[in-house]
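Data first, discussion second: the structure below is written as structure tokens.
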Amino acid sequence: MGDERRPGRRVSVGEVLARAGTVREAFDTIANTWSLLILVALRDGTLRYNELKRTVGGVSERRLSQTLKLLERDGVVDRKLVRSIPSHVEYSLTSTGEAVVDSLGELLSTIIKFSPQVAVARQRYDEKHADAAPEG
């Protein structure tokens, strides 16, 4: 188990779970909620900052800006300043970003497929724990 490589895998489990290193850092950047939503939003093409904010929905300007900077730093998203009146910024996926989004397809399909079961499980859990005293 541990560091063993499994067929079809490019990195070992140990590389992903290690607390330091490029694999873990990239995983931390890409595998968070806002990053995933941004990547999905950009899969159909280039978006301006405000279009991206509206498309993703619910993300603060601060969090969106931070996440975009991290994705740009990791070479997943490209940022382009368009000098016009008024000037604006456009974001698009790099070839690396496109590969990441392509690989997310199965994960997203699985999440969508099982979302009704998740809703039922949450309701059951909430009902079971409704009488429990709040922690704190």
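Identifiers for the structure tokens are assigned positionally: chains receive A, B, ... in sequence, residues are indexed from 1 per chain, and ligands are indexed from 1 in the order shown.
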Practice problem: Taking the chain letters and numbering used in this document, name the residues of range 38-127 of chain A that DSSP puts in alpha helix (DSSP H), as a ChimeraX atom specification. | Solution: /A:38-42,49-56,61-73,95-127
Exercise. Find the residues near Val76 in chain A: any atom within 10 Å, counting only C-alpha atoms, skip ones fewer than 2 places away on the same chain, and give them as a ChimeraX atom specification.
Key: /A:26,29-30,39,68,70-74,78,92-101
Quiz prompt | DSSP strand (DSSP E or B) residues within range 19-133 of chain A, as a PyMOL selection string | solution = chain A and resi 47-48+77-82+88-93
Only N, CA, C and O atoms, please: the residues just picked out, written as a tab-separated table (two decimals), in the first residue's frame.
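Just written: result_31.tsv:
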```
chain	number	residue	atom	x	y	z
A	47	LEU	N	-13.26	34.06	-19.83
A	47	LEU	CA	-14.22	34.90	-19.11
A	47	LEU	C	-13.51	36.08	-18.48
A	47	LEU	O	-12.38	35.97	-18.02
A	48	ARG	N	-14.20	37.22	-18.46
A	48	ARG	CA	-13.72	38.37	-17.70
A	48	ARG	C	-13.91	38.08	-16.22
A	48	ARG	O	-14.71	37.22	-15.84
A	77	VAL	N	-4.25	28.43	-15.13
A	77	VAL	CA	-5.09	29.51	-15.67
A	77	VAL	C	-4.17	30.59	-16.21
A	77	VAL	O	-3.12	30.88	-15.64
A	78	ASP	N	-4.59	31.18	-17.32
A	78	ASP	CA	-3.86	32.29	-17.92
A	78	ASP	C	-4.63	33.58	-17.66
A	78	ASP	O	-5.85	33.62	-17.81
A	79	ARG	N	-3.92	34.62	-17.27
A	79	ARG	CA	-4.51	35.94	-17.01
A	79	ARG	C	-4.00	36.89	-18.09
A	79	ARG	O	-2.80	36.98	-18.32
A	80	LYS	N	-4.93	37.57	-18.73
A	80	LYS	CA	-4.55	38.50	-19.80
A	80	LYS	C	-5.20	39.86	-19.54
A	80	LYS	O	-6.41	39.96	-19.40
A	81	LEU	N	-4.36	40.89	-19.47
A	81	LEU	CA	-4.85	42.26	-19.33
A	81	LEU	C	-5.16	42.78	-20.73
A	81	LEU	O	-4.29	42.81	-21.60
A	82	VAL	N	-6.41	43.15	-20.95
A	82	VAL	CA	-6.84	43.68	-22.25
A	82	VAL	C	-6.90	45.20	-22.12
A	82	VAL	O	-7.71	45.74	-21.36
A	88	HIS	N	-9.70	45.65	-19.07
A	88	HIS	CA	-10.26	44.57	-18.26
A	88	HIS	C	-9.31	43.37	-18.30
A	88	HIS	O	-8.37	43.34	-19.09
A	89	VAL	N	-9.59	42.43	-17.44
A	89	VAL	CA	-8.77	41.23	-17.33
A	89	VAL	C	-9.61	40.04	-17.78
A	89	VAL	O	-10.79	39.93	-17.43
A	90	GLU	N	-8.98	39.16	-18.55
A	90	GLU	CA	-9.64	37.93	-19.00
A	90	GLU	C	-8.87	36.73	-18.48
A	90	GLU	O	-7.64	36.75	-18.39
A	91	TYR	N	-9.61	35.68	-18.16
A	91	TYR	CA	-9.01	34.45	-17.67
A	91	TYR	C	-9.41	33.30	-18.59
A	91	TYR	O	-10.54	33.23	-19.06
A	92	SER	N	-8.45	32.41	-18.83
A	92	SER	CA	-8.71	31.23	-19.64
A	92	SER	C	-7.85	30.09	-19.11
A	92	SER	O	-6.91	30.30	-18.35
A	93	LEU	N	-8.20	28.89	-19.54
A	93	LEU	CA	-7.43	27.72	-19.16
A	93	LEU	C	-6.18	27.61	-20.03
A	93	LEU	O	-6.23	27.89	-21.23
```
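Atom pair CA of Ala31 in chain A / CA of Arg63 in chain A has a distance of 14.8 Å (rounded to one decimal).
Residues in contact with Leu64 in chain A at up to 9 Å, not including ones fewer than 4 positions away on its chain and judged by only C-alpha atoms, are Trp34, Ser35, Ile38, Tyr49, Leu52, Lys53, Val59, Ser60, Leu68 and Lys69 of chain A.
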Writing out the chosen residues with all heavy atoms as a short mmCIF file (atom, residue, chain, number, x, y, z; two decimals), in the first residue's frame:
```cif
data_model
loop_
_atom_site.label_atom_id
_atom_site.label_comp_id
_atom_site.auth_asym_id
_atom_site.auth_seq_id
_atom_site.Cartn_x
_atom_site.Cartn_y
_atom_site.Cartn_z
N TRP A 34 -13.32 26.25 -4.60
CA TRP A 34 -13.35 27.42 -5.48
C TRP A 34 -12.53 27.16 -6.73
O TRP A 34 -12.93 27.55 -7.83
CB TRP A 34 -12.88 28.68 -4.75
CG TRP A 34 -13.81 29.06 -3.65
CD1 TRP A 34 -13.51 29.18 -2.33
CD2 TRP A 34 -15.21 29.34 -3.76
NE1 TRP A 34 -14.63 29.52 -1.62
CE2 TRP A 34 -15.69 29.62 -2.47
CE3 TRP A 34 -16.12 29.37 -4.82
CZ2 TRP A 34 -17.02 29.94 -2.20
CZ3 TRP A 34 -17.45 29.68 -4.56
CH2 TRP A 34 -17.88 29.97 -3.27
N SER A 35 -11.39 26.52 -6.60
CA SER A 35 -10.58 26.21 -7.78
C SER A 35 -11.35 25.32 -8.75
O SER A 35 -11.36 25.58 -9.96
CB SER A 35 -9.28 25.50 -7.38
OG SER A 35 -8.42 26.37 -6.71
N ILE A 38 -14.03 27.31 -10.50
CA ILE A 38 -13.44 28.23 -11.47
C ILE A 38 -13.02 27.46 -12.72
O ILE A 38 -13.30 27.89 -13.85
CB ILE A 38 -12.23 28.97 -10.85
CG1 ILE A 38 -12.72 29.99 -9.80
CG2 ILE A 38 -11.39 29.65 -11.92
CD1 ILE A 38 -11.61 30.54 -8.92
N TYR A 49 -13.21 38.84 -15.41
CA TYR A 49 -13.26 38.65 -13.96
C TYR A 49 -14.71 38.65 -13.44
O TYR A 49 -15.12 37.74 -12.73
CB TYR A 49 -12.44 39.73 -13.25
CG TYR A 49 -12.44 39.60 -11.75
CD1 TYR A 49 -11.52 38.81 -11.10
CD2 TYR A 49 -13.39 40.28 -10.98
CE1 TYR A 49 -11.53 38.68 -9.72
CE2 TYR A 49 -13.41 40.16 -9.61
CZ TYR A 49 -12.48 39.36 -8.99
OH TYR A 49 -12.50 39.23 -7.62
N LEU A 52 -16.73 35.71 -14.51
CA LEU A 52 -16.30 34.54 -13.75
C LEU A 52 -16.92 34.56 -12.35
O LEU A 52 -17.43 33.55 -11.86
CB LEU A 52 -14.77 34.51 -13.67
CG LEU A 52 -14.10 33.29 -13.13
CD1 LEU A 52 -14.56 32.02 -13.81
CD2 LEU A 52 -12.58 33.43 -13.25
N LYS A 53 -16.92 35.73 -11.74
CA LYS A 53 -17.52 35.88 -10.40
C LYS A 53 -19.00 35.53 -10.43
O LYS A 53 -19.51 34.81 -9.56
CB LYS A 53 -17.31 37.30 -9.88
CG LYS A 53 -17.73 37.50 -8.44
CD LYS A 53 -17.34 38.90 -7.98
CE LYS A 53 -17.61 39.16 -6.53
NZ LYS A 53 -18.84 38.71 -5.99
N VAL A 59 -18.79 33.32 -4.36
CA VAL A 59 -17.39 33.52 -4.00
C VAL A 59 -17.13 35.00 -3.77
O VAL A 59 -17.62 35.85 -4.51
CB VAL A 59 -16.44 32.95 -5.09
CG1 VAL A 59 -16.60 33.66 -6.41
CG2 VAL A 59 -15.00 32.98 -4.63
N SER A 60 -16.40 35.30 -2.70
CA SER A 60 -16.06 36.70 -2.43
C SER A 60 -15.00 37.16 -3.42
O SER A 60 -14.26 36.34 -3.99
CB SER A 60 -15.54 36.86 -1.01
OG SER A 60 -14.26 36.26 -0.88
N LEU A 68 -7.50 32.67 -8.16
CA LEU A 68 -7.02 32.88 -9.53
C LEU A 68 -5.50 33.07 -9.56
O LEU A 68 -4.82 32.54 -10.45
CB LEU A 68 -7.72 34.08 -10.16
CG LEU A 68 -9.16 33.84 -10.58
CD1 LEU A 68 -9.86 35.16 -10.88
CD2 LEU A 68 -9.23 32.90 -11.78
N LYS A 69 -4.96 33.78 -8.58
CA LYS A 69 -3.51 33.97 -8.52
C LYS A 69 -2.80 32.64 -8.32
O LYS A 69 -1.77 32.36 -8.96
CB LYS A 69 -3.14 34.94 -7.40
CG LYS A 69 -3.43 36.37 -7.73
CD LYS A 69 -3.10 37.29 -6.58
CE LYS A 69 -3.53 38.72 -6.92
NZ LYS A 69 -3.31 39.65 -5.82
#
```
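Going from CA of Thr46 in chain A over to CA of Asn32 in chain A, you cover 20.9 Å.
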